[in-house]
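Presented below is the structure to which this report refers.
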Amino acid sequence: ALFALPKKQELSLTPPLFYPSKQVLPIRDACLKNSREILVDLAEGSICAQSIVTCPPAIPIIVSGELVTKEIINLLKYHGITSILVIKH
């Protein structure tokens, strides 16, 4: 049965470099604001509403209140994440 499942795209051996994002809102404020889910490709310049953690290694790629940059988008896409919750304007 497992062989019938579609294969995921294989990851490259080397992930994109990690560049910490700029915190523009306190985490609590970002978590309490109204948010919407959008495609990662459209998120550049938005403010993250919900932290995104991959497992392993369970280290956040982006934390609530941080600015979504092109570098963050590349990391999210590398880990197969296609959507993100951002703060509504």
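Residues are named by chain letter and number: chains run A, B, ... in the order of the structure tokens, numbers start at 1 in each chain, and ligands are numbered from 1 in the order shown.
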
> So which residues touch Thr69 in chain A within 9 Å, counting only C-alpha atoms, skipping near sequence neighbours fewer than 5 positions away, as number ranges by chain?
Replying inline: A: 21-22, 43-46, 74

>> Would you pick out the contacts of His79 in chain A at 10 Å or less, using only C-alpha atoms, so that residues sharing its chain but fewer than 4 positions from it are not included, and give the list as a list in words?
In response: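 In the requested form, the answer reads Leu11, Pro15, Val53, Thr54, Cys55, Ile61, Ile73, Asn74 and Leu75 of chain A.
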
>> So that I can check the surroundings of Val40 in chain A, please list as number ranges by chain every protein, DNA and RNA residue that reaches within 6 Å of it, counting only C-alpha atoms and ignoring chain neighbours fewer than 3 positions away.
In response: A: 43, 82-84

Write a file of the selected residues as a CSV table (one decimal), in the first residue's frame, keeping all heavy atoms.
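So the final result, stored in part.csv, reads:
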chain,number,residue,atom,x,y,z
A,43,ALA,N,3.9,35.8,-0.1
A,43,ALA,CA,4.0,36.3,1.3
A,43,ALA,C,5.1,37.3,1.5
A,43,ALA,O,5.2,37.9,2.6
A,43,ALA,CB,4.2,35.1,2.2
A,82,THR,N,3.9,25.2,1.7
A,82,THR,CA,3.3,26.0,0.5
A,82,THR,C,2.4,27.1,0.9
A,82,THR,O,2.1,28.0,0.1
A,82,THR,CB,2.5,25.0,-0.4
A,82,THR,OG1,1.5,24.4,0.4
A,82,THR,CG2,3.4,24.0,-1.0
A,83,SER,N,2.0,27.2,2.2
A,83,SER,CA,1.2,28.3,2.6
A,83,SER,C,1.6,28.8,4.0
A,83,SER,O,2.3,28.0,4.7
A,83,SER,CB,-0.3,27.9,2.7
A,83,SER,OG,-0.5,26.9,3.6
A,84,ILE,N,1.2,30.0,4.4
A,84,ILE,CA,1.6,30.6,5.6
A,84,ILE,C,0.5,31.5,6.1
A,84,ILE,O,-0.2,32.1,5.3
A,84,ILE,CB,2.9,31.4,5.4
A,84,ILE,CG1,3.5,32.0,6.7
A,84,ILE,CG2,2.8,32.5,4.3
A,84,ILE,CD1,4.8,32.7,6.6

> Any idea what's packed within 10 Å of Val24 in chain A, counting only C-alpha atoms, ignoring anything in its chain fewer than 2 positions away? Could you give it as a ChimeraX atom specification?
Replying inline: /A:21-22,26-27,30,47-48,64-67

What does the file look like for those residues with all heavy atoms, as a PDB file, in the first residue's frame?
ATOM      1  N   SER A  21      15.086  36.677  10.222  1.00  0.00           N
ATOM      2  CA  SER A  21      14.185  37.725   9.772  1.00  0.00           C
ATOM      3  C   SER A  21      14.081  38.819  10.828  1.00  0.00           C
ATOM      4  O   SER A  21      14.407  38.612  11.989  1.00  0.00           O
ATOM      5  CB  SER A  21      12.807  37.116   9.498  1.00  0.00           C
ATOM      6  OG  SER A  21      11.983  38.048   8.857  1.00  0.00           O
ATOM      7  N   LYS A  22      13.597  39.969  10.408  1.00  0.00           N
ATOM      8  CA  LYS A  22      13.452  41.115  11.306  1.00  0.00           C
ATOM      9  C   LYS A  22      12.132  41.001  12.073  1.00  0.00           C
ATOM     10  O   LYS A  22      11.075  40.811  11.480  1.00  0.00           O
ATOM     11  CB  LYS A  22      13.474  42.402  10.486  1.00  0.00           C
ATOM     12  CG  LYS A  22      13.329  43.651  11.323  1.00  0.00           C
ATOM     13  CD  LYS A  22      13.347  44.888  10.455  1.00  0.00           C
ATOM     14  CE  LYS A  22      13.141  46.107  11.326  1.00  0.00           C
ATOM     15  NZ  LYS A  22      13.037  47.327  10.540  1.00  0.00           N
ATOM     16  N   PRO A  26       5.778  42.368  18.429  1.00  0.00           N
ATOM     17  CA  PRO A  26       5.962  41.378  19.490  1.00  0.00           C
ATOM     18  C   PRO A  26       5.179  40.097  19.144  1.00  0.00           C
ATOM     19  O   PRO A  26       4.117  40.163  18.512  1.00  0.00           O
ATOM     20  CB  PRO A  26       5.382  42.054  20.736  1.00  0.00           C
ATOM     21  CG  PRO A  26       5.429  43.520  20.432  1.00  0.00           C
ATOM     22  CD  PRO A  26       5.233  43.627  18.946  1.00  0.00           C
ATOM     23  N   ILE A  27       5.715  38.963  19.551  1.00  0.00           N
ATOM     24  CA  ILE A  27       5.086  37.673  19.237  1.00  0.00           C
ATOM     25  C   ILE A  27       3.627  37.657  19.685  1.00  0.00           C
ATOM     26  O   ILE A  27       2.742  37.242  18.933  1.00  0.00           O
ATOM     27  CB  ILE A  27       5.876  36.515  19.877  1.00  0.00           C
ATOM     28  CG1 ILE A  27       7.243  36.398  19.214  1.00  0.00           C
ATOM     29  CG2 ILE A  27       5.112  35.205  19.773  1.00  0.00           C
ATOM     30  CD1 ILE A  27       8.177  35.414  19.896  1.00  0.00           C
ATOM     31  N   ALA A  30       1.340  39.691  17.392  1.00  0.00           N
ATOM     32  CA  ALA A  30       1.163  39.043  16.085  1.00  0.00           C
ATOM     33  C   ALA A  30       0.203  37.853  16.186  1.00  0.00           C
ATOM     34  O   ALA A  30      -0.618  37.637  15.300  1.00  0.00           O
ATOM     35  CB  ALA A  30       2.513  38.593  15.540  1.00  0.00           C
ATOM     36  N   ILE A  47       3.749  40.030   7.384  1.00  0.00           N
ATOM     37  CA  ILE A  47       4.179  39.725   8.748  1.00  0.00           C
ATOM     38  C   ILE A  47       3.600  38.375   9.142  1.00  0.00           C
ATOM     39  O   ILE A  47       2.394  38.150   9.031  1.00  0.00           O
ATOM     40  CB  ILE A  47       3.729  40.818   9.741  1.00  0.00           C
ATOM     41  CG1 ILE A  47       4.327  42.165   9.347  1.00  0.00           C
ATOM     42  CG2 ILE A  47       4.131  40.451  11.169  1.00  0.00           C
ATOM     43  CD1 ILE A  47       3.772  43.336  10.115  1.00  0.00           C
ATOM     44  N   CYS A  48       4.450  37.490   9.592  1.00  0.00           N
ATOM     45  CA  CYS A  48       4.050  36.134   9.970  1.00  0.00           C
ATOM     46  C   CYS A  48       3.136  36.179  11.195  1.00  0.00           C
ATOM     47  O   CYS A  48       3.429  36.856  12.183  1.00  0.00           O
ATOM     48  CB  CYS A  48       5.293  35.308  10.278  1.00  0.00           C
ATOM     49  SG  CYS A  48       4.942  33.622  10.791  1.00  0.00           S
ATOM     50  N   SER A  64       6.194  34.216  14.833  1.00  0.00           N
ATOM     51  CA  SER A  64       5.126  35.230  14.780  1.00  0.00           C
ATOM     52  C   SER A  64       5.704  36.623  14.998  1.00  0.00           C
ATOM     53  O   SER A  64       6.508  36.838  15.896  1.00  0.00           O
ATOM     54  CB  SER A  64       4.091  34.950  15.867  1.00  0.00           C
ATOM     55  OG  SER A  64       3.572  33.655  15.730  1.00  0.00           O
ATOM     56  N   GLY A  65       5.289  37.544  14.133  1.00  0.00           N
ATOM     57  CA  GLY A  65       5.746  38.924  14.241  1.00  0.00           C
ATOM     58  C   GLY A  65       6.945  39.253  13.380  1.00  0.00           C
ATOM     59  O   GLY A  65       7.344  40.408  13.283  1.00  0.00           O
ATOM     60  N   GLU A  66       7.523  38.251  12.720  1.00  0.00           N
ATOM     61  CA  GLU A  66       8.677  38.510  11.865  1.00  0.00           C
ATOM     62  C   GLU A  66       8.250  38.793  10.428  1.00  0.00           C
ATOM     63  O   GLU A  66       7.209  38.314   9.973  1.00  0.00           O
ATOM     64  CB  GLU A  66       9.641  37.322  11.884  1.00  0.00           C
ATOM     65  CG  GLU A  66      10.372  37.175  13.191  1.00  0.00           C
ATOM     66  CD  GLU A  66      11.400  36.062  13.167  1.00  0.00           C
ATOM     67  OE1 GLU A  66      11.359  35.187  12.280  1.00  0.00           O
ATOM     68  OE2 GLU A  66      12.259  36.074  14.062  1.00  0.00           O
ATOM     69  N   LEU A  67       9.071  39.547   9.751  1.00  0.00           N
ATOM     70  CA  LEU A  67       8.836  39.905   8.359  1.00  0.00           C
ATOM     71  C   LEU A  67       9.197  38.729   7.454  1.00  0.00           C
ATOM     72  O   LEU A  67      10.257  38.113   7.623  1.00  0.00           O
ATOM     73  CB  LEU A  67       9.694  41.115   7.994  1.00  0.00           C
ATOM     74  CG  LEU A  67       9.483  41.745   6.638  1.00  0.00           C
ATOM     75  CD1 LEU A  67       8.084  42.355   6.544  1.00  0.00           C
ATOM     76  CD2 LEU A  67      10.535  42.803   6.389  1.00  0.00           C
TER      77      LEU A  67
END

> Rounded to one decimal in Å, what is the spacing between CA of Leu42 in chain A and CA of Lys88 in chain A?
Replying inline: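 Separation between CA of Leu42 in chain A and CA of Lys88 in chain A: 13.3 Å.
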
>> Among chain A, which residues does DSSP mark as strand (DSSP E) when it is run on the backbone? Keep the chain and numbering as in the structure and answer as a list in words.
In response: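 Strand (DSSP E) members of chain A, listed: Ser35, Arg36, Glu37, Ile38, Leu39, Ile52, Val53, Pro60, Ile61, Ile62, Ser83, Ile84, Leu85, Val86 and Ile87 of chain A.
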
>> Using only C-alpha atoms, can you tell me which of A:Lys70, A:Leu13, A:Val63, A:Leu5 comes closest to Cys31 in chain A?
In response: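 So, comparing all the options, the nearest one is A:Val63.
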
As a CSV table (one decimal) with N, CA and C atoms, in the first residue's frame, please: all residues of chain A that backbone DSSP puts in alpha helix (DSSP H).
chain,number,residue,atom,x,y,z
A,27,ILE,N,5.7,39.0,19.6
A,27,ILE,CA,5.1,37.7,19.2
A,27,ILE,C,3.6,37.7,19.7
A,28,ARG,N,3.4,38.1,20.9
A,28,ARG,CA,2.0,38.1,21.4
A,28,ARG,C,1.0,38.9,20.5
A,29,ASP,N,1.5,40.1,20.2
A,29,ASP,CA,0.6,41.0,19.3
A,29,ASP,C,0.3,40.3,18.0
A,30,ALA,N,1.3,39.7,17.4
A,30,ALA,CA,1.2,39.0,16.1
A,30,ALA,C,0.2,37.9,16.2
A,31,CYS,N,0.3,37.1,17.3
A,31,CYS,CA,-0.6,35.9,17.5
A,31,CYS,C,-2.0,36.3,17.6
A,32,LEU,N,-2.3,37.5,18.2
A,32,LEU,CA,-3.7,37.9,18.5
A,32,LEU,C,-4.3,38.7,17.4
A,70,LYS,N,12.4,37.0,1.1
A,70,LYS,CA,12.7,36.1,0.0
A,70,LYS,C,13.5,34.9,0.5
A,71,GLU,N,14.4,35.1,1.4
A,71,GLU,CA,15.2,34.0,2.0
A,71,GLU,C,14.4,33.1,2.8
A,72,ILE,N,13.4,33.6,3.6
A,72,ILE,CA,12.5,32.8,4.4
A,72,ILE,C,11.6,32.0,3.4
A,73,ILE,N,11.2,32.6,2.4
A,73,ILE,CA,10.3,31.9,1.4
A,73,ILE,C,11.1,30.7,0.8
A,74,ASN,N,12.3,30.9,0.5
A,74,ASN,CA,13.2,29.8,-0.1
A,74,ASN,C,13.3,28.7,0.9
A,75,LEU,N,13.5,29.0,2.2
A,75,LEU,CA,13.6,27.9,3.2
A,75,LEU,C,12.2,27.2,3.3
A,76,LEU,N,11.1,27.9,3.4
A,76,LEU,CA,9.8,27.3,3.5
A,76,LEU,C,9.6,26.4,2.3
A,77,LYS,N,9.9,26.8,1.1
A,77,LYS,CA,9.7,26.0,0.0
A,77,LYS,C,10.6,24.8,0.0
A,78,TYR,N,11.8,24.9,0.4
A,78,TYR,CA,12.7,23.8,0.5
A,78,TYR,C,12.1,22.7,1.4
